[in-house]
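Chemist: Supplied structure: final38.cif, mmCIF, C-alpha atoms and all ligand atoms.
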```
data_run
#
loop_
_atom_site.label_atom_id
_atom_site.label_comp_id
_atom_site.auth_asym_id
_atom_site.auth_seq_id
_atom_site.Cartn_x
_atom_site.Cartn_y
_atom_site.Cartn_z
CA MET A 1 65.77 88.74 192.43
CA LYS A 2 66.94 90.21 189.16
CA ASP A 3 69.97 88.75 187.37
CA LYS A 4 73.05 90.94 187.63
CA ILE A 5 74.64 92.39 184.50
CA ALA A 6 78.01 94.12 184.69
CA VAL A 7 78.72 96.36 181.69
CA LEU A 8 82.28 97.49 180.94
CA THR A 9 82.46 100.30 178.42
CA GLY A 10 85.16 102.25 176.63
CA ALA A 11 85.41 105.11 174.17
CA GLY A 12 83.75 103.06 171.39
CA VAL A 13 80.33 103.29 173.08
CA SER A 14 80.48 107.09 172.68
CA ALA A 15 81.98 107.12 169.16
CA GLU A 16 78.58 107.37 167.48
CA SER A 17 77.80 110.38 169.70
CA GLY A 18 80.62 112.17 167.95
CA LEU A 19 83.21 111.78 170.70
CA GLY A 20 86.43 110.40 169.25
CA THR A 21 88.11 107.27 170.58
CA TYR A 22 91.73 107.26 171.76
CA ARG A 23 93.52 104.63 169.70
CA ASP A 24 91.59 104.33 166.43
CA ASN A 25 93.01 106.06 163.35
CA GLY A 26 92.60 109.79 163.88
CA GLY A 27 91.86 109.17 167.57
CA LEU A 28 92.81 111.56 170.37
CA TRP A 29 96.18 109.92 170.99
CA ASP A 30 97.11 110.47 167.33
CA ASN A 31 96.85 114.20 167.96
CA TYR A 32 97.97 114.48 171.58
CA ASP A 33 100.69 112.73 173.53
CA PRO A 34 98.97 111.05 176.48
CA MET A 35 102.17 111.36 178.49
CA GLU A 36 101.96 115.15 178.08
CA VAL A 37 98.23 115.73 178.59
CA ALA A 38 97.03 112.78 180.67
CA SER A 39 99.87 111.59 182.90
CA ILE A 40 100.83 112.60 186.42
CA GLU A 41 104.33 113.55 185.21
CA GLY A 42 102.75 115.69 182.47
CA TRP A 43 100.61 117.43 185.09
CA TYR A 44 103.62 118.47 187.18
CA ARG A 45 105.55 119.48 184.04
CA ASN A 46 102.86 121.68 182.53
CA ARG A 47 99.61 122.13 184.45
CA LYS A 48 98.25 124.66 181.94
CA LEU A 49 98.58 122.23 179.04
CA VAL A 50 96.70 119.53 180.97
CA LEU A 51 93.99 121.94 182.19
CA ASP A 52 93.49 123.22 178.64
CA PHE A 53 93.23 119.68 177.27
CA TYR A 54 90.52 118.76 179.77
CA ASN A 55 88.79 122.14 179.32
CA MET A 56 88.46 121.15 175.68
CA GLN A 57 87.21 117.64 176.52
CA ARG A 58 84.70 119.09 179.00
CA ALA A 59 83.40 121.67 176.53
CA LYS A 60 82.70 118.93 173.95
CA LEU A 61 80.34 117.25 176.41
CA ARG A 62 77.95 120.18 176.65
CA ASP A 63 76.21 119.26 173.41
CA ALA A 64 77.05 115.56 173.22
CA GLN A 65 74.01 113.34 173.34
CA PRO A 66 73.79 109.66 174.27
CA ASN A 67 73.32 107.33 171.32
CA ALA A 68 71.15 104.24 170.96
CA ALA A 69 73.84 102.09 172.61
CA HIS A 70 73.90 104.19 175.82
CA LEU A 71 70.08 104.11 175.80
CA ALA A 72 69.99 100.33 175.30
CA ILE A 73 72.39 99.87 178.22
CA ALA A 74 70.19 102.10 180.41
CA ALA A 75 67.08 100.14 179.32
CA LEU A 76 68.62 96.90 180.61
CA GLU A 77 67.72 98.21 184.09
CA ASP A 78 64.04 97.44 183.37
CA LYS A 79 64.75 93.72 183.74
CA TYR A 80 68.20 93.41 185.25
CA ASP A 81 70.30 94.64 188.11
CA VAL A 82 72.85 96.61 186.08
CA THR A 83 76.12 98.30 187.02
CA VAL A 84 78.02 100.17 184.34
CA ILE A 85 81.78 100.26 184.83
CA THR A 86 83.04 102.81 182.35
CA GLN A 87 86.53 103.88 181.39
CA ASN A 88 84.97 106.95 179.81
CA VAL A 89 85.26 110.36 181.39
CA ASP A 90 82.14 111.59 179.56
CA ASN A 91 78.68 111.69 181.15
CA LEU A 92 76.66 110.00 178.41
CA HIS A 93 75.68 106.92 180.45
CA GLU A 94 74.15 109.27 183.04
CA LYS A 95 72.46 111.36 180.34
CA ALA A 96 70.98 108.13 178.94
CA GLY A 97 69.50 107.27 182.34
CA SER A 98 71.86 104.63 183.74
CA THR A 99 71.57 104.91 187.52
CA ARG A 100 74.65 102.99 188.67
CA VAL A 101 77.82 104.12 186.90
CA ILE A 102 81.36 103.61 188.17
CA HIS A 103 83.84 105.92 186.44
CA LEU A 104 87.09 103.98 186.64
CA HIS A 105 89.15 106.76 185.04
CA GLY A 106 87.37 109.76 186.56
CA GLU A 107 84.98 112.35 185.15
CA ALA A 108 85.75 115.28 182.85
CA THR A 109 83.03 117.45 184.41
CA LYS A 110 84.68 117.30 187.84
CA VAL A 111 87.84 118.65 189.47
CA ARG A 112 89.49 118.29 192.85
CA PRO A 113 92.37 119.85 194.78
CA GLU A 114 95.80 118.87 193.57
CA ASN A 115 96.94 118.05 197.12
CA GLY A 116 93.81 116.14 198.16
CA VAL A 117 93.68 112.48 199.08
CA TYR A 118 91.88 110.28 196.61
CA ASP A 119 91.52 106.61 197.31
CA GLU A 120 88.81 103.97 197.64
CA SER A 121 87.90 104.99 201.21
CA TYR A 122 87.74 108.63 200.26
CA SER A 123 84.24 110.08 200.19
CA GLU A 124 84.89 112.33 197.18
CA ARG A 125 83.88 115.25 199.42
CA GLU A 126 86.57 117.42 197.85
CA VAL A 127 85.39 116.69 194.31
CA ILE A 128 83.71 119.67 192.66
CA ASP A 129 81.28 119.41 189.77
CA VAL A 130 82.14 122.25 187.37
CA GLY A 131 79.76 121.13 184.64
CA TYR A 132 81.12 122.30 181.31
CA GLU A 133 83.05 125.35 182.58
CA PRO A 134 86.79 125.78 182.07
CA VAL A 135 89.22 125.55 185.00
CA ASN A 136 92.43 127.55 184.79
CA LEU A 137 95.80 127.89 186.41
CA GLY A 138 95.24 129.83 189.65
CA ASP A 139 91.73 128.42 190.22
CA LYS A 140 91.90 127.15 193.77
CA ALA A 141 89.98 124.63 195.86
CA PRO A 142 88.57 125.77 199.24
CA ASN A 143 91.73 124.35 200.85
CA GLY A 144 93.86 126.75 198.81
CA SER A 145 95.43 124.27 196.41
CA GLN A 146 95.28 124.32 192.61
CA LEU A 147 92.29 122.50 191.11
CA ARG A 148 93.15 119.56 188.89
CA PRO A 149 90.97 117.42 186.62
CA HIS A 150 89.18 114.58 188.43
CA ILE A 151 90.85 112.14 186.07
CA VAL A 152 92.94 109.06 186.77
CA PHE A 153 96.12 110.09 184.99
CA PHE A 154 98.56 107.55 183.55
CA GLY A 155 100.93 106.73 186.38
CA GLU A 156 98.22 106.95 189.06
CA ALA A 157 96.39 104.22 190.94
CA VAL A 158 92.82 103.33 189.94
CA PRO A 159 90.96 103.62 193.27
CA LYS A 160 87.68 102.19 192.02
CA ILE A 161 89.15 98.99 190.61
CA GLU A 162 88.36 96.98 193.79
CA ARG A 163 84.69 97.90 193.56
CA ALA A 164 84.71 97.03 189.86
CA ILE A 165 86.25 93.62 190.59
CA ASP A 166 83.50 92.92 193.15
CA ILE A 167 80.81 93.85 190.61
CA VAL A 168 82.32 91.70 187.85
CA SER A 169 82.85 88.74 190.21
CA ALA A 170 79.19 88.83 191.25
CA ALA A 171 77.77 89.28 187.73
CA ASP A 172 75.53 86.69 186.03
CA LEU A 173 76.51 88.17 182.68
CA LEU A 174 79.30 90.50 181.59
CA LEU A 175 78.88 92.82 178.62
CA ILE A 176 81.89 94.70 177.21
CA VAL A 177 81.30 97.52 174.71
CA GLY A 178 83.77 99.58 172.68
CA THR A 179 87.11 99.17 174.39
CA SER A 180 90.43 98.12 172.88
CA MET A 181 91.28 96.30 176.15
CA GLN A 182 94.76 97.75 176.16
CA VAL A 183 94.72 99.75 179.36
CA TYR A 184 95.15 97.92 182.66
CA PRO A 185 93.79 97.27 185.19
CA ALA A 186 90.45 97.72 183.36
CA ALA A 187 91.49 95.33 180.58
CA GLY A 188 91.97 92.51 183.09
CA LEU A 189 88.57 92.88 184.75
CA TYR A 190 86.84 90.18 182.67
CA ARG A 191 89.13 87.58 184.20
CA TYR A 192 87.29 88.06 187.50
CA ALA A 193 84.00 86.88 186.02
CA ASP A 194 82.83 83.49 187.26
CA PRO A 195 83.87 80.59 184.98
CA LYS A 196 80.17 80.01 184.21
CA THR A 197 79.40 83.66 183.42
CA PRO A 198 78.81 84.37 179.74
CA ILE A 199 80.72 87.35 178.34
CA TYR A 200 79.49 89.35 175.35
CA VAL A 201 81.78 91.78 173.57
CA VAL A 202 80.44 94.47 171.20
CA ASP A 203 83.23 96.01 169.13
CA PRO A 204 83.83 96.29 165.37
CA ALA A 205 87.52 95.35 165.73
CA ASP A 206 89.26 92.06 166.39
CA LEU A 207 90.34 92.12 170.00
CA PRO A 208 93.13 90.26 171.79
CA LEU A 209 90.68 88.22 173.83
CA HIS A 210 90.94 84.47 174.01
CA ASP A 211 88.38 83.09 176.37
CA PRO A 212 85.83 80.38 175.61
CA ARG A 213 83.17 82.34 177.53
CA ILE A 214 83.29 85.21 175.05
CA THR A 215 80.77 85.80 172.26
CA HIS A 216 82.04 88.60 170.02
CA ILE A 217 79.33 90.71 168.37
CA LYS A 218 81.53 92.34 165.76
CA ASP A 219 79.66 95.55 165.11
CA VAL A 220 79.44 99.20 166.11
CA ALA A 221 77.87 99.91 169.49
CA THR A 222 74.39 100.96 168.31
CA LYS A 223 73.84 97.98 166.00
CA GLY A 224 75.74 95.63 168.30
CA MET A 225 73.52 96.55 171.25
CA GLU A 226 70.43 95.84 169.15
CA LYS A 227 71.81 92.36 168.45
CA PHE A 228 72.77 91.86 172.09
CA THR A 229 69.32 92.88 173.34
CA LYS A 230 67.73 90.39 170.96
CA ILE A 231 70.05 87.62 172.17
CA LEU A 232 69.05 88.43 175.78
CA GLU A 233 65.36 88.32 174.92
CA GLU A 234 65.78 84.90 173.30
CA ARG A 235 67.76 83.41 176.17
P1 LIG B 1 90.41 102.99 172.67
O1 LIG B 1 90.47 104.18 171.78
O2 LIG B 1 91.68 102.36 173.07
O3 LIG B 1 89.54 101.87 171.97
C1 LIG B 1 88.31 102.17 171.37
C2 LIG B 1 87.62 100.89 170.98
O4 LIG B 1 86.35 101.27 170.45
C3 LIG B 1 88.34 100.07 169.91
O5 LIG B 1 88.34 98.70 170.29
C4 LIG B 1 87.47 100.29 168.66
O6 LIG B 1 87.45 99.18 167.79
C5 LIG B 1 86.11 100.52 169.27
N1 LIG B 1 85.17 101.30 168.46
C6 LIG B 1 85.41 102.29 167.55
N2 LIG B 1 84.26 102.75 167.04
C7 LIG B 1 83.27 102.05 167.64
C8 LIG B 1 81.84 102.08 167.55
N3 LIG B 1 81.18 102.91 166.75
N4 LIG B 1 81.14 101.22 168.33
C9 LIG B 1 81.78 100.37 169.16
N5 LIG B 1 83.11 100.30 169.29
C10 LIG B 1 83.84 101.13 168.54
O7 LIG B 1 89.53 103.42 173.94
P2 LIG B 1 89.41 102.71 175.36
O8 LIG B 1 89.57 101.24 175.26
O9 LIG B 1 88.20 103.26 176.01
O10 LIG B 1 92.14 106.58 179.70
O11 LIG B 1 90.69 103.32 176.10
C11 LIG B 1 90.93 103.01 177.45
C12 LIG B 1 91.55 104.19 178.15
O12 LIG B 1 92.70 104.65 177.43
C13 LIG B 1 90.68 105.42 178.22
O13 LIG B 1 89.80 105.40 179.31
C14 LIG B 1 91.65 106.55 178.35
C15 LIG B 1 92.69 106.09 177.36
O14 LIG B 1 93.97 106.53 177.57
C16 LIG B 1 92.54 107.76 180.25
O15 LIG B 1 92.62 108.79 179.62
C17 LIG B 1 92.88 107.69 181.70
#
```
Write out the structure in this file as structure tokens.
Ligand code: OAD

Modeler:
Amino acid sequence: MKDKIAVLTGAGVSAESGLGTYRDNGGLWDNYDPMEVASIEGWYRNRKLVLDFYNMQRAKLRDAQPNAAHLAIAALEDKYDVTVITQNVDNLHEKAGSTRVIHLHGEATKVRPENGVYDESYSEREVIDVGYEPVNLGDKAPNGSQLRPHIVFFGEAVPKIERAIDIVSAADLLLIVGTSMQVYPAAGLYRYADPKTPIYVVDPADLPLHDPRITHIKDVATKGMEKFTKILEER
């Protein structure tokens, strides 16, 4: 049986693909107020603003290509049983070839009815893949309700967190790439790793993580993944 690797990723893994992060200098949240464009209150206040914001995010993905870090994560599947748990709403892990990807915060290329039910038991049958096309006010789901981005807005529950906890708990190794670990519940996931499970973090910044299991590879995702892959080979 292959060893299990759980990979938790954030915006930093896609930075070298030209997609900006949220909280770095010049990041998305420097230019947009997340409470306006990515919260449930913001959605009910101004649906057009939120739709336009995600139309823009979706359009950026058309030409975005996975970088060497996404590819290195996908290549881990040759030898390991890998599940990627990503906070990213982009589709670069899939484009790189990762076959098991859990999108904790939703997917920019998908929408669903505003009045639909979305929880862990939900089959996602009402989720519609719109690719890179814009969705506008007045665009309705088959059930007649306004389409909304398939995004976990601030102020909403994170339905896939239970599955993510199970994956992290069962992992033989946890790899964390490019996340500031500031947004919960994702930021608390590493605590569910077994006490004996090694944790590797790839991120150029100092992070607020104090855990003896952690080895910090302080580098950008592409170079950091090269170092991580070498460490794995030498283990
Ligand atoms: P952040 O923008 O908070 O953090 C990005 C992280 O990437 C930081 O730790 C950076 O140091 C690191 N970074 C920057 N460039 C990098 C590079 N080239 N290689 C590797 N790492 C690099 O993004 P997230 O932690 O992903 O949620 O943010 C979490 C959530 O907050 C997002 O999913 C989003 C946001 O609000 C929603 O919109 C629902």

Chemist: Which chains and residue numbers are within 8 Å of ligand LIG 1 (chain B), counting all atoms listed in the file, if I want them as an NGL selection string?

Modeler: :A and (9-16 or 20-24 or 27-29 or 34 or 38 or 86-89 or 104-106 or 151-154 or 177-183 or 186 or 202-207 or 219-222 or 224)

Chemist: Between range 86-203 of chain A and range 59-71 of chain A, at 8 Å or less, what are the per-residue closest atom pairs and their distances in Å? Count all atoms listed in the file, order by chain and rising residue number, and return it as a Markdown table.

Modeler:
```
| residue | atom | partner | partner_atom | distance |
| --- | --- | --- | --- | --- |
| A:Asp90 | CA | A:Leu61 | CA | 6.7 |
| A:Asn91 | CA | A:Leu61 | CA | 7.5 |
| A:Leu92 | CA | A:Pro66 | CA | 5.0 |
| A:His93 | CA | A:His70 | CA | 5.7 |
| A:Lys95 | CA | A:Pro66 | CA | 6.4 |
| A:Ala96 | CA | A:Leu71 | CA | 5.2 |
| A:Gly97 | CA | A:Leu71 | CA | 7.3 |
| A:Tyr132 | CA | A:Ala59 | CA | 5.3 |
| A:Glu133 | CA | A:Ala59 | CA | 7.1 |
| A:Pro134 | CA | A:Ala59 | CA | 7.7 |
```

Chemist: Just the number, please: distance in Å from CA of Asn143 in chain A to CA of Ala108 in chain A, one decimal.

Modeler: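 Taking CA of Asn143 in chain A as the start and CA of Ala108 in chain A as the end point, the length is 21.0 Å.
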
Chemist: Using all atoms listed in the file, which residue out of A:Met1, A:Ile231, A:Leu175, A:Val201 lies closest to Lys218 in chain A?

Modeler: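 For Lys218 in chain A, the nearest of the candidates is A:Val201.
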
Chemist: For Arg163 in chain A, which of A:Ile40, A:Leu209, A:Ile73, A:Val84 is the closest residue, counting only C-alpha atoms?

Modeler: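 Using only C-alpha atoms, the shortest distance to Arg163 in chain A belongs to A:Val84.
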
Chemist: Mind giving me the straight-line distance from CA of Leu137 in chain A to CA of Lys48 in chain A in Å, one decimal?

Modeler: 6.0 Å

Chemist: I'd like the interatomic distance between CA of Pro195 in chain A and CA of Lys2 in chain A, to a tenth of an Å.

Modeler: 19.9 Å

Chemist: Once 3 Å is added on each side, what are the centre and the three edge lengths, in Å to one decimal, of the axis-aligned box enclosing the listed atoms of range 153-157 of chain A? Present them as AutoDock Vina command-line options.

Modeler:
```
--center_x 98.5 --center_y 107.2 --center_z 187.2 --size_x 10.8 --size_y 11.9 --size_z 13.4
```

Chemist: So which one's closest to Tyr44 in chain A, A:Gly188, A:Ala157, A:Met56, A:Glu114? Using all atoms listed in the file, please.

Modeler: A:Glu114

Chemist: What lies within 8 Å of Val37 in chain A using only C-alpha atoms, ignoring chain neighbours under 5 positions off, as a list in words?

Modeler: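 That gives Tyr32, Gly42, Trp43, Leu49, Val50 and Phe53 of chain A.
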
Chemist: Restrict the selected residues to C-alpha atoms and save them as a PDB file, keeping the file's coordinate frame.

Modeler:
```pdb
ATOM      1  CA  TYR A  32      97.970 114.480 171.580  1.00  0.00           C
ATOM      2  CA  GLY A  42     102.750 115.690 182.470  1.00  0.00           C
ATOM      3  CA  TRP A  43     100.610 117.430 185.090  1.00  0.00           C
ATOM      4  CA  LEU A  49      98.580 122.230 179.040  1.00  0.00           C
ATOM      5  CA  VAL A  50      96.700 119.530 180.970  1.00  0.00           C
ATOM      6  CA  PHE A  53      93.230 119.680 177.270  1.00  0.00           C
TER       7      PHE A  53
END
```

Chemist: When you count all atoms listed in the file, which of these residues is closest to Arg148 in chain A: A:Ile199, A:Ala193, A:Leu51, A:Ile5?

Modeler: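 Selected residue with least distance to Arg148 in chain A: A:Leu51.
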
Chemist: Taking the point (81.1, 77.9, 185.2) as given in the file, collect each protein or nucleic acid residue that comes within 12 Å of it, counting only C-alpha atoms, and present the set as a ChimeraX atom specification.

Modeler: /A:172-173,193-199,212-213

Chemist: Quick one: write out the picked residues with C-alpha atoms as a CSV table (one decimal), keeping the file's coordinate frame?

Modeler:
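Everything below was put into part34.csv:
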```
chain,number,residue,atom,x,y,z
A,172,ASP,CA,75.5,86.7,186.0
A,173,LEU,CA,76.5,88.2,182.7
A,193,ALA,CA,84.0,86.9,186.0
A,194,ASP,CA,82.8,83.5,187.3
A,195,PRO,CA,83.9,80.6,185.0
A,196,LYS,CA,80.2,80.0,184.2
A,197,THR,CA,79.4,83.7,183.4
A,198,PRO,CA,78.8,84.4,179.7
A,199,ILE,CA,80.7,87.4,178.3
A,212,PRO,CA,85.8,80.4,175.6
A,213,ARG,CA,83.2,82.3,177.5
```

Chemist: Please identify all polymer residues within 12 Å of Arg125 in chain A, counting only C-alpha atoms, omitting same-chain residues fewer than 5 positions from it, and present them as a list in words.

Modeler: Lys110, Val111, Arg112, Pro113, Gly116, Val117, Tyr118, Asp119, Ala141 and Pro142 of chain A
